[in-house]
Amino acid sequence: MPEEPRWLNECEREAWLALASLMFKLPGALDAQLLRDHNLTLFDYFVLSGLSMAPGRTLRLSALASQINSSLSRLSNVVKRLEQRGLLRREPDPENPRYNRAVLTGAGWELVVAAAPGHVAAVRRFVIDGLTEEQVTALREVACRVTHQIDEAAQLPR
């Protein structure tokens, strides 16, 4: 007989449903601001922002995928679209031409610099400014812990 599931108690269920609601609502709210103001999705912004902070504004696609928690195939599709818009370019990695890297173009740099203030304002509005300093610390700790548990589970044999 299968083992009885460890059902959530009332407090755990309320916490889970609150987190699930946040996971569904927050990306849409951040997407809406970026799409309205700069024709970028949140994922596009993370790609461009990640490149903007990298040395030489350049990263291997595999490193960029890891940094923004994306599959390489999803990232490749978005990079292709951003490349068509002239916001970045792909090129072989000179250290190992079997790998490709993304390079932020001048137009990509200008767009991410223009988009950053509105994005940060939205993050403040939807997340940071409604919390105390202690709540921000707790939010970071919980988010890091859950992310760590997901990463650990991904390493386990199936």
# chains A, B, ... in the order shown; residues from 1 in each chain; ligands from 1

call {"tool": "select_by_dssp", "arguments": {"residues": "stretch 53-106 of chain A", "states": "strand (DSSP E)", "output": "list of chain:residue names"}}
result
A:Thr58, A:Leu59, A:Arg60, A:Leu88, A:Arg89, A:Arg90, A:Glu91, A:Pro92, A:Asp93, A:Asn96, A:Pro97, A:Arg98, A:Tyr99, A:Asn100, A:Arg101, A:Ala102, A:Val103, A:Leu104

call {"tool": "write_last_selection", "arguments": {"atoms": "N, CA and C atoms", "output": "PDB file, in the first residue's frame"}}
result
ATOM      1  N   THR A  58      29.774  40.419 -22.071  1.00  0.00           N
ATOM      2  CA  THR A  58      29.814  39.182 -22.854  1.00  0.00           C
ATOM      3  C   THR A  58      29.756  37.982 -21.928  1.00  0.00           C
ATOM      4  N   LEU A  59      28.951  36.972 -22.291  1.00  0.00           N
ATOM      5  CA  LEU A  59      28.901  35.719 -21.538  1.00  0.00           C
ATOM      6  C   LEU A  59      28.663  34.557 -22.490  1.00  0.00           C
ATOM      7  N   ARG A  60      29.234  33.396 -22.136  1.00  0.00           N
ATOM      8  CA  ARG A  60      28.851  32.173 -22.827  1.00  0.00           C
ATOM      9  C   ARG A  60      27.370  31.960 -22.604  1.00  0.00           C
ATOM     10  N   LEU A  88      21.724  42.361 -29.077  1.00  0.00           N
ATOM     11  CA  LEU A  88      22.912  41.572 -28.769  1.00  0.00           C
ATOM     12  C   LEU A  88      23.327  40.834 -30.029  1.00  0.00           C
ATOM     13  N   ARG A  89      24.501  40.236 -29.966  1.00  0.00           N
ATOM     14  CA  ARG A  89      24.945  39.393 -31.080  1.00  0.00           C
ATOM     15  C   ARG A  89      25.546  38.118 -30.510  1.00  0.00           C
ATOM     16  N   ARG A  90      25.465  37.072 -31.301  1.00  0.00           N
ATOM     17  CA  ARG A  90      26.086  35.801 -30.928  1.00  0.00           C
ATOM     18  C   ARG A  90      27.377  35.657 -31.706  1.00  0.00           C
ATOM     19  N   GLU A  91      28.346  35.034 -31.058  1.00  0.00           N
ATOM     20  CA  GLU A  91      29.619  34.775 -31.731  1.00  0.00           C
ATOM     21  C   GLU A  91      30.267  33.567 -31.077  1.00  0.00           C
ATOM     22  N   PRO A  92      31.147  32.883 -31.820  1.00  0.00           N
ATOM     23  CA  PRO A  92      31.867  31.762 -31.203  1.00  0.00           C
ATOM     24  C   PRO A  92      32.770  32.270 -30.077  1.00  0.00           C
ATOM     25  N   ASP A  93      32.910  31.471 -29.046  1.00  0.00           N
ATOM     26  CA  ASP A  93      33.807  31.813 -27.948  1.00  0.00           C
ATOM     27  C   ASP A  93      35.235  31.619 -28.435  1.00  0.00           C
ATOM     28  N   ASN A  96      37.054  28.669 -26.901  1.00  0.00           N
ATOM     29  CA  ASN A  96      36.609  27.345 -27.333  1.00  0.00           C
ATOM     30  C   ASN A  96      35.465  27.545 -28.324  1.00  0.00           C
ATOM     31  N   PRO A  97      35.762  27.504 -29.629  1.00  0.00           N
ATOM     32  CA  PRO A  97      34.752  27.808 -30.651  1.00  0.00           C
ATOM     33  C   PRO A  97      33.553  26.849 -30.677  1.00  0.00           C
ATOM     34  N   ARG A  98      33.612  25.762 -29.903  1.00  0.00           N
ATOM     35  CA  ARG A  98      32.441  24.884 -29.826  1.00  0.00           C
ATOM     36  C   ARG A  98      31.311  25.547 -29.045  1.00  0.00           C
ATOM     37  N   TYR A  99      31.633  26.572 -28.272  1.00  0.00           N
ATOM     38  CA  TYR A  99      30.647  27.294 -27.476  1.00  0.00           C
ATOM     39  C   TYR A  99      30.334  28.632 -28.135  1.00  0.00           C
ATOM     40  N   ASN A 100      29.122  29.103 -27.926  1.00  0.00           N
ATOM     41  CA  ASN A 100      28.743  30.435 -28.384  1.00  0.00           C
ATOM     42  C   ASN A 100      28.605  31.346 -27.181  1.00  0.00           C
ATOM     43  N   ARG A 101      28.814  32.607 -27.430  1.00  0.00           N
ATOM     44  CA  ARG A 101      28.610  33.583 -26.381  1.00  0.00           C
ATOM     45  C   ARG A 101      27.730  34.707 -26.916  1.00  0.00           C
ATOM     46  N   ALA A 102      27.116  35.424 -26.011  1.00  0.00           N
ATOM     47  CA  ALA A 102      26.285  36.572 -26.355  1.00  0.00           C
ATOM     48  C   ALA A 102      27.033  37.831 -25.948  1.00  0.00           C
ATOM     49  N   VAL A 103      26.951  38.829 -26.814  1.00  0.00           N
ATOM     50  CA  VAL A 103      27.605  40.113 -26.573  1.00  0.00           C
ATOM     51  C   VAL A 103      26.536  41.199 -26.663  1.00  0.00           C
ATOM     52  N   LEU A 104      26.426  42.000 -25.624  1.00  0.00           N
ATOM     53  CA  LEU A 104      25.470  43.103 -25.617  1.00  0.00           C
ATOM     54  C   LEU A 104      25.940  44.177 -26.586  1.00  0.00           C
TER      55      LEU A 104
END

call {"tool": "residues_around", "arguments": {"residues": "stretch 71-77 of chain A", "least_positions_apart": "5", "cutoff": "9 Å", "atoms": "only C-alpha atoms", "output": "PDB file with N, CA and C atoms, in the first residue's frame"}}
result
ATOM      1  N   PHE A  43      11.939  38.269 -18.817  1.00  0.00           N
ATOM      2  CA  PHE A  43      13.031  37.372 -19.216  1.00  0.00           C
ATOM      3  C   PHE A  43      14.024  38.099 -20.123  1.00  0.00           C
ATOM      4  N   VAL A  47      18.095  38.794 -19.417  1.00  0.00           N
ATOM      5  CA  VAL A  47      19.155  38.477 -20.376  1.00  0.00           C
ATOM      6  C   VAL A  47      20.037  39.704 -20.599  1.00  0.00           C
ATOM      7  N   LEU A  61      26.687  31.429 -23.612  1.00  0.00           N
ATOM      8  CA  LEU A  61      25.258  31.187 -23.475  1.00  0.00           C
ATOM      9  C   LEU A  61      24.962  30.239 -22.318  1.00  0.00           C
ATOM     10  N   SER A  62      25.804  29.236 -22.131  1.00  0.00           N
ATOM     11  CA  SER A  62      25.577  28.298 -21.022  1.00  0.00           C
ATOM     12  C   SER A  62      25.700  28.999 -19.672  1.00  0.00           C
ATOM     13  N   LEU A  64      25.187  32.239 -19.133  1.00  0.00           N
ATOM     14  CA  LEU A  64      24.047  33.149 -19.034  1.00  0.00           C
ATOM     15  C   LEU A  64      22.795  32.379 -18.655  1.00  0.00           C
ATOM     16  N   ALA A  65      22.586  31.211 -19.252  1.00  0.00           N
ATOM     17  CA  ALA A  65      21.423  30.378 -18.918  1.00  0.00           C
ATOM     18  C   ALA A  65      21.441  30.017 -17.442  1.00  0.00           C
ATOM     19  N   SER A  66      22.595  29.623 -16.948  1.00  0.00           N
ATOM     20  CA  SER A  66      22.723  29.265 -15.535  1.00  0.00           C
ATOM     21  C   SER A  66      22.444  30.478 -14.643  1.00  0.00           C
ATOM     22  N   LEU A  82      16.277  38.634 -29.614  1.00  0.00           N
ATOM     23  CA  LEU A  82      16.959  39.873 -29.224  1.00  0.00           C
ATOM     24  C   LEU A  82      18.042  40.247 -30.231  1.00  0.00           C
TER      25      LEU A  82
END

call {"tool": "atom_distance", "arguments": {"atom1": "atom CA of A:Val142", "atom2": "atom CA of A:Ser21"}}
result
16.0 Å

call {"tool": "residues_around", "arguments": {"residues": "A:Val113", "least_positions_apart": "4", "cutoff": "12 Å", "atoms": "only C-alpha atoms", "output": "number ranges by chain"}}
result
A: 38, 45, 48-49, 51-53, 104, 106-109, 117-120

call {"tool": "select_by_dssp", "arguments": {"residues": "stretch 25-137 of chain A", "states": "alpha helix (DSSP H)", "output": "JSON, numbers by chain"}}
result
{"A": [25, 26, 27, 28, 29, 30, 31, 32, 33, 34, 35, 36, 37, 38, 42, 43, 44, 45, 46, 47, 48, 49, 50, 51, 52, 61, 62, 63, 64, 65, 66, 67, 72, 73, 74, 75, 76, 77, 78, 79, 80, 81, 82, 83, 84, 106, 107, 108, 109, 110, 111, 112, 113, 114, 115, 116, 117, 118, 119, 120, 121, 122, 123, 124, 125, 126, 133, 134, 135, 136, 137]}
